[in-house]
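So this block is start.txt, compact mmCIF, N, CA and C atoms:
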```
# COMPACT_ATOMS: atom_id res chain seq x y z
N MET A 1 20.54 -5.72 19.57
CA MET A 1 19.31 -5.67 18.80
C MET A 1 18.16 -6.05 19.70
N LYS A 2 17.08 -5.30 19.62
CA LYS A 2 15.90 -5.60 20.44
C LYS A 2 15.31 -6.95 20.05
N ALA A 3 14.78 -7.65 21.04
CA ALA A 3 14.20 -8.97 20.80
C ALA A 3 13.03 -8.90 19.83
N GLY A 4 12.26 -7.82 19.83
CA GLY A 4 11.11 -7.69 18.95
C GLY A 4 11.47 -7.49 17.50
N VAL A 5 12.67 -6.98 17.24
CA VAL A 5 13.10 -6.71 15.87
C VAL A 5 13.72 -7.96 15.23
N PHE A 6 14.32 -8.81 16.03
CA PHE A 6 15.03 -9.97 15.50
C PHE A 6 14.19 -10.86 14.59
N PRO A 7 12.95 -11.25 14.98
CA PRO A 7 12.17 -12.10 14.07
C PRO A 7 11.89 -11.45 12.72
N VAL A 8 11.69 -10.16 12.71
CA VAL A 8 11.44 -9.46 11.44
C VAL A 8 12.69 -9.51 10.56
N VAL A 9 13.86 -9.33 11.16
CA VAL A 9 15.11 -9.40 10.41
C VAL A 9 15.32 -10.80 9.85
N VAL A 10 15.03 -11.81 10.66
CA VAL A 10 15.16 -13.20 10.20
C VAL A 10 14.25 -13.45 9.00
N MET A 11 13.02 -12.94 9.07
CA MET A 11 12.08 -13.14 7.96
C MET A 11 12.61 -12.49 6.69
N CYS A 12 13.29 -11.37 6.82
CA CYS A 12 13.84 -10.69 5.65
C CYS A 12 14.88 -11.57 4.95
N PHE A 13 15.68 -12.31 5.73
CA PHE A 13 16.68 -13.17 5.14
C PHE A 13 16.08 -14.44 4.53
N LEU A 14 14.88 -14.76 4.92
CA LEU A 14 14.21 -15.95 4.39
C LEU A 14 13.39 -15.63 3.14
N ALA A 15 13.66 -14.50 2.54
CA ALA A 15 12.83 -14.00 1.44
C ALA A 15 12.72 -14.95 0.26
N GLY A 16 13.68 -15.81 0.07
CA GLY A 16 13.64 -16.67 -1.10
C GLY A 16 13.02 -18.03 -0.88
N CYS A 17 12.14 -18.17 0.07
CA CYS A 17 11.66 -19.52 0.41
C CYS A 17 10.30 -19.87 -0.19
N ALA A 18 9.87 -19.16 -1.20
CA ALA A 18 8.62 -19.53 -1.86
C ALA A 18 8.77 -20.92 -2.47
N SER A 19 7.74 -21.73 -2.36
CA SER A 19 7.85 -23.09 -2.87
C SER A 19 7.70 -23.13 -4.39
N GLU A 20 8.33 -24.11 -4.98
CA GLU A 20 8.29 -24.31 -6.42
C GLU A 20 6.93 -24.90 -6.81
N PRO A 21 6.44 -24.57 -8.00
CA PRO A 21 5.18 -25.18 -8.43
C PRO A 21 5.40 -26.66 -8.75
N ILE A 22 4.36 -27.43 -8.55
CA ILE A 22 4.41 -28.85 -8.89
C ILE A 22 3.88 -28.97 -10.31
N VAL A 23 4.72 -29.48 -11.21
CA VAL A 23 4.39 -29.53 -12.63
C VAL A 23 4.42 -30.97 -13.11
N ASP A 24 3.40 -31.34 -13.87
CA ASP A 24 3.38 -32.65 -14.53
C ASP A 24 4.39 -32.59 -15.66
N ARG A 25 5.49 -33.33 -15.53
CA ARG A 25 6.57 -33.22 -16.50
C ARG A 25 6.61 -34.38 -17.50
N ARG A 26 5.52 -35.10 -17.59
CA ARG A 26 5.48 -36.17 -18.60
C ARG A 26 5.54 -35.54 -19.99
N GLY A 27 6.47 -36.01 -20.79
CA GLY A 27 6.61 -35.53 -22.15
C GLY A 27 7.20 -34.13 -22.28
N VAL A 28 7.77 -33.62 -21.20
CA VAL A 28 8.32 -32.26 -21.21
C VAL A 28 9.83 -32.33 -21.45
N ASP A 29 10.32 -31.47 -22.31
CA ASP A 29 11.75 -31.34 -22.55
C ASP A 29 12.40 -30.74 -21.30
N GLU A 30 13.26 -31.52 -20.64
CA GLU A 30 13.86 -31.10 -19.37
C GLU A 30 14.69 -29.82 -19.50
N VAL A 31 15.42 -29.68 -20.60
CA VAL A 31 16.25 -28.50 -20.80
C VAL A 31 15.37 -27.25 -20.91
N LYS A 32 14.31 -27.33 -21.70
CA LYS A 32 13.39 -26.21 -21.84
C LYS A 32 12.69 -25.91 -20.51
N TYR A 33 12.30 -26.99 -19.81
CA TYR A 33 11.63 -26.82 -18.52
C TYR A 33 12.53 -26.07 -17.54
N GLU A 34 13.78 -26.49 -17.44
CA GLU A 34 14.71 -25.85 -16.50
C GLU A 34 14.94 -24.38 -16.88
N ALA A 35 15.02 -24.09 -18.17
CA ALA A 35 15.18 -22.70 -18.62
C ALA A 35 13.95 -21.87 -18.27
N ASP A 36 12.77 -22.43 -18.53
CA ASP A 36 11.53 -21.72 -18.19
C ASP A 36 11.40 -21.52 -16.68
N LEU A 37 11.74 -22.55 -15.92
CA LEU A 37 11.67 -22.46 -14.47
C LEU A 37 12.60 -21.37 -13.95
N ALA A 38 13.81 -21.31 -14.49
CA ALA A 38 14.77 -20.28 -14.08
C ALA A 38 14.24 -18.88 -14.40
N GLU A 39 13.64 -18.73 -15.56
CA GLU A 39 13.11 -17.42 -15.94
C GLU A 39 11.92 -17.04 -15.04
N CYS A 40 11.07 -18.01 -14.74
CA CYS A 40 9.93 -17.74 -13.86
C CYS A 40 10.40 -17.42 -12.44
N ARG A 41 11.45 -18.10 -11.98
CA ARG A 41 12.03 -17.77 -10.67
C ARG A 41 12.51 -16.32 -10.66
N SER A 42 13.09 -15.91 -11.77
CA SER A 42 13.58 -14.54 -11.88
C SER A 42 12.42 -13.55 -11.74
N TYR A 43 11.32 -13.83 -12.41
CA TYR A 43 10.14 -12.97 -12.29
C TYR A 43 9.63 -12.95 -10.84
N ALA A 44 9.55 -14.13 -10.23
CA ALA A 44 9.08 -14.22 -8.85
C ALA A 44 10.02 -13.47 -7.91
N GLY A 45 11.29 -13.46 -8.23
CA GLY A 45 12.27 -12.76 -7.42
C GLY A 45 12.09 -11.25 -7.42
N GLU A 46 11.29 -10.75 -8.35
CA GLU A 46 11.03 -9.31 -8.41
C GLU A 46 10.04 -8.86 -7.34
N VAL A 47 9.36 -9.81 -6.70
CA VAL A 47 8.46 -9.46 -5.60
C VAL A 47 9.35 -8.99 -4.44
N ASP A 48 9.07 -7.82 -3.92
CA ASP A 48 9.89 -7.21 -2.88
C ASP A 48 9.47 -7.72 -1.50
N THR A 49 9.94 -8.90 -1.14
CA THR A 49 9.58 -9.51 0.14
C THR A 49 10.08 -8.66 1.30
N THR A 50 11.32 -8.21 1.22
CA THR A 50 11.89 -7.42 2.30
C THR A 50 11.11 -6.12 2.48
N GLY A 51 10.79 -5.47 1.38
CA GLY A 51 10.04 -4.22 1.45
C GLY A 51 8.65 -4.41 2.03
N GLU A 52 7.97 -5.47 1.60
CA GLU A 52 6.63 -5.75 2.11
C GLU A 52 6.68 -6.08 3.61
N THR A 53 7.70 -6.84 4.02
CA THR A 53 7.85 -7.18 5.43
C THR A 53 8.09 -5.92 6.25
N ALA A 54 8.98 -5.07 5.76
CA ALA A 54 9.29 -3.83 6.48
C ALA A 54 8.09 -2.89 6.53
N LYS A 55 7.39 -2.76 5.40
CA LYS A 55 6.24 -1.86 5.34
C LYS A 55 5.16 -2.30 6.32
N HIS A 56 4.81 -3.58 6.27
CA HIS A 56 3.77 -4.08 7.18
C HIS A 56 4.25 -4.07 8.63
N GLY A 57 5.55 -4.30 8.83
CA GLY A 57 6.11 -4.22 10.19
C GLY A 57 5.99 -2.82 10.76
N ALA A 58 6.28 -1.81 9.93
CA ALA A 58 6.17 -0.42 10.38
C ALA A 58 4.72 -0.05 10.69
N ILE A 59 3.81 -0.50 9.84
CA ILE A 59 2.39 -0.23 10.09
C ILE A 59 1.95 -0.92 11.38
N GLY A 60 2.36 -2.17 11.55
CA GLY A 60 2.02 -2.90 12.78
C GLY A 60 2.61 -2.25 14.01
N ALA A 61 3.85 -1.74 13.89
CA ALA A 61 4.48 -1.07 15.02
C ALA A 61 3.71 0.19 15.41
N ALA A 62 3.29 0.95 14.41
CA ALA A 62 2.53 2.18 14.68
C ALA A 62 1.20 1.87 15.35
N ILE A 63 0.52 0.86 14.84
CA ILE A 63 -0.77 0.47 15.43
C ILE A 63 -0.56 -0.05 16.84
N GLY A 64 0.47 -0.89 17.01
CA GLY A 64 0.76 -1.44 18.34
C GLY A 64 1.11 -0.37 19.34
N ALA A 65 1.90 0.62 18.92
CA ALA A 65 2.27 1.72 19.82
C ALA A 65 1.03 2.52 20.20
N SER A 66 0.18 2.78 19.24
CA SER A 66 -1.04 3.54 19.51
C SER A 66 -1.94 2.82 20.51
N ILE A 67 -2.13 1.54 20.28
CA ILE A 67 -2.98 0.75 21.19
C ILE A 67 -2.35 0.70 22.58
N GLY A 68 -1.03 0.47 22.62
CA GLY A 68 -0.33 0.42 23.91
C GLY A 68 -0.44 1.74 24.66
N ALA A 69 -0.33 2.86 23.95
CA ALA A 69 -0.42 4.17 24.58
C ALA A 69 -1.83 4.45 25.08
N ILE A 70 -2.81 3.98 24.33
CA ILE A 70 -4.20 4.21 24.72
C ILE A 70 -4.56 3.42 25.97
N ILE A 71 -4.12 2.17 26.03
CA ILE A 71 -4.53 1.33 27.16
C ILE A 71 -3.58 1.42 28.36
N GLY A 72 -2.42 2.04 28.18
CA GLY A 72 -1.49 2.08 29.31
C GLY A 72 -0.56 3.27 29.25
N ASP A 73 0.69 3.01 29.59
CA ASP A 73 1.69 4.06 29.64
C ASP A 73 2.76 3.85 28.58
N SER A 74 3.91 4.50 28.72
CA SER A 74 4.97 4.38 27.70
C SER A 74 5.53 2.97 27.62
N HIS A 75 5.55 2.26 28.73
CA HIS A 75 6.02 0.86 28.71
C HIS A 75 5.09 0.00 27.85
N ASP A 76 3.80 0.20 28.03
CA ASP A 76 2.82 -0.54 27.22
C ASP A 76 2.95 -0.18 25.74
N ALA A 77 3.24 1.09 25.48
CA ALA A 77 3.42 1.53 24.09
C ALA A 77 4.64 0.85 23.48
N GLU A 78 5.73 0.73 24.26
CA GLU A 78 6.93 0.05 23.76
C GLU A 78 6.64 -1.42 23.45
N GLN A 79 5.91 -2.07 24.34
CA GLN A 79 5.55 -3.46 24.09
C GLN A 79 4.65 -3.57 22.87
N GLY A 80 3.75 -2.62 22.71
CA GLY A 80 2.86 -2.61 21.55
C GLY A 80 3.63 -2.47 20.26
N VAL A 81 4.71 -1.66 20.27
CA VAL A 81 5.55 -1.50 19.09
C VAL A 81 6.14 -2.85 18.68
N GLY A 82 6.70 -3.56 19.65
CA GLY A 82 7.33 -4.86 19.35
C GLY A 82 6.34 -5.88 18.84
N ILE A 83 5.24 -5.99 19.53
CA ILE A 83 4.20 -6.96 19.13
C ILE A 83 3.63 -6.60 17.76
N GLY A 84 3.35 -5.32 17.57
CA GLY A 84 2.80 -4.87 16.28
C GLY A 84 3.78 -5.07 15.14
N ALA A 85 5.06 -4.81 15.40
CA ALA A 85 6.08 -4.98 14.35
C ALA A 85 6.19 -6.44 13.94
N ILE A 86 6.18 -7.33 14.91
CA ILE A 86 6.28 -8.76 14.60
C ILE A 86 5.03 -9.23 13.85
N ALA A 87 3.87 -8.85 14.35
CA ALA A 87 2.62 -9.28 13.69
C ALA A 87 2.53 -8.70 12.28
N GLY A 88 2.80 -7.41 12.15
CA GLY A 88 2.73 -6.78 10.83
C GLY A 88 3.77 -7.31 9.87
N GLY A 89 5.00 -7.50 10.37
CA GLY A 89 6.06 -8.03 9.53
C GLY A 89 5.75 -9.44 9.06
N SER A 90 5.20 -10.24 9.95
CA SER A 90 4.82 -11.62 9.58
C SER A 90 3.76 -11.61 8.49
N GLU A 91 2.79 -10.71 8.63
CA GLU A 91 1.73 -10.62 7.62
C GLU A 91 2.31 -10.17 6.27
N GLY A 92 3.18 -9.17 6.29
CA GLY A 92 3.79 -8.69 5.05
C GLY A 92 4.62 -9.75 4.37
N PHE A 93 5.39 -10.49 5.18
CA PHE A 93 6.22 -11.57 4.65
C PHE A 93 5.35 -12.64 4.00
N SER A 94 4.29 -13.02 4.70
CA SER A 94 3.38 -14.05 4.19
C SER A 94 2.72 -13.62 2.88
N LYS A 95 2.26 -12.38 2.82
CA LYS A 95 1.63 -11.88 1.60
C LYS A 95 2.61 -11.87 0.44
N ALA A 96 3.84 -11.46 0.69
CA ALA A 96 4.85 -11.42 -0.37
C ALA A 96 5.19 -12.82 -0.86
N GLU A 97 5.32 -13.77 0.05
CA GLU A 97 5.62 -15.14 -0.34
C GLU A 97 4.48 -15.75 -1.15
N ASN A 98 3.24 -15.46 -0.75
CA ASN A 98 2.08 -15.93 -1.52
C ASN A 98 2.09 -15.34 -2.92
N ARG A 99 2.45 -14.08 -3.01
CA ARG A 99 2.50 -13.43 -4.32
C ARG A 99 3.59 -14.06 -5.19
N LYS A 100 4.72 -14.39 -4.60
CA LYS A 100 5.79 -15.07 -5.35
C LYS A 100 5.29 -16.40 -5.91
N GLU A 101 4.58 -17.15 -5.07
CA GLU A 101 4.06 -18.44 -5.52
C GLU A 101 3.08 -18.27 -6.67
N LYS A 102 2.23 -17.24 -6.59
CA LYS A 102 1.28 -16.97 -7.67
C LYS A 102 2.01 -16.60 -8.96
N VAL A 103 3.07 -15.81 -8.83
CA VAL A 103 3.85 -15.43 -10.02
C VAL A 103 4.45 -16.67 -10.66
N MET A 104 5.03 -17.56 -9.84
CA MET A 104 5.62 -18.80 -10.37
C MET A 104 4.55 -19.64 -11.07
N TYR A 105 3.41 -19.81 -10.41
CA TYR A 105 2.32 -20.63 -10.95
C TYR A 105 1.84 -20.07 -12.29
N ARG A 106 1.56 -18.78 -12.31
CA ARG A 106 1.04 -18.16 -13.53
C ARG A 106 2.07 -18.18 -14.65
N CYS A 107 3.31 -17.95 -14.30
CA CYS A 107 4.37 -17.94 -15.31
C CYS A 107 4.52 -19.31 -15.97
N MET A 108 4.59 -20.35 -15.15
CA MET A 108 4.75 -21.70 -15.70
C MET A 108 3.50 -22.12 -16.49
N LYS A 109 2.33 -21.77 -15.98
CA LYS A 109 1.09 -22.10 -16.67
C LYS A 109 1.02 -21.40 -18.01
N SER A 110 1.45 -20.13 -18.05
CA SER A 110 1.39 -19.37 -19.31
C SER A 110 2.36 -19.91 -20.35
N ARG A 111 3.33 -20.70 -19.92
CA ARG A 111 4.28 -21.32 -20.85
C ARG A 111 3.82 -22.70 -21.30
N GLY A 112 2.61 -23.05 -20.92
CA GLY A 112 2.03 -24.29 -21.41
C GLY A 112 2.21 -25.50 -20.52
N TYR A 113 2.77 -25.32 -19.33
CA TYR A 113 2.95 -26.46 -18.43
C TYR A 113 1.67 -26.75 -17.68
N ARG A 114 1.50 -28.01 -17.35
CA ARG A 114 0.34 -28.43 -16.55
C ARG A 114 0.76 -28.32 -15.09
N VAL A 115 0.39 -27.20 -14.47
CA VAL A 115 0.78 -26.93 -13.08
C VAL A 115 -0.28 -27.54 -12.17
N LEU A 116 0.17 -28.44 -11.30
CA LEU A 116 -0.74 -29.14 -10.42
C LEU A 116 -0.95 -28.41 -9.09
N GLY A 117 -0.01 -27.62 -8.70
CA GLY A 117 -0.15 -26.89 -7.44
C GLY A 117 1.08 -26.13 -7.09
```

Could you render the structure as structure tokens?
Amino acid sequence: MKAGVFPVVVMCFLAGCASEPIVDRRGVDEVKYEADLAECRSYAGEVDTTGETAKHGAIGAAIGASIGAIIGDSHDAEQGVGIGAIAGGSEGFSKAENRKEKVMYRCMKSRGYRVLG
């Protein structure tokens, strides 16, 4: 496996690392809270982290190859592909994880919880 592809693959496996919302649980029924949290996790899990990472990685690779070809030769284009794929994949992964966190936050808030962050 090429060294430039490895970080993108690793990010794909880390797809489930969105942080949990911080909720003020004073006076909250723990059983109901855990059920709501599980359901909200399920909704957040619908965000396609792997797809977003791959899509942005492909876009980054294309841009990197183009820039590399413009400023140099085929070797520079190859390096541009790797750099662009990593940069684009990282951006896609970050955007997807942020979206997961927003889904969790909104879901818990819509169920009446006091979400602190």

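Nearest-residue note for Gln79 in chain A: choosing from A:Ala65, A:Val115, A:Ala44, A:Ala96, the minimum distance belongs to A:Ala65, counting all atoms listed in the file.
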
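If you look at atom N of Lys95 in chain A and atom N of Val81 in chain A, they are 20.6 Å away from each other.
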
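Counting only C-alpha atoms, the residue from A:Asp48, A:Glu20, A:Glu39, A:Asp76 that sits nearest to Lys102 in chain A is A:Glu20.
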
**OP:** Select from chain A everything DSSP, run on the backbone, classes as helix (DSSP H, G or I), then give the selection as a ChimeraX atom specification.
**Re:** /A:6-13,30-44,49-71,74-110

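The two atoms in question, CA of Ser94 in chain A and atom N of Thr53 in chain A, are spaced 8.4 Å apart.
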
Original post:
Suppose you want the space between CA of Gly64 in chain A and CA of Glu78 in chain A; what is it in Å?
Top reply: 8.3 Å

**OP:** Enumerate the residues of chain A with a DSSP assignment of strand (DSSP E or B), computed from the backbone, and present them as number ranges by chain.
**Re:** A: 23-24, 114-115
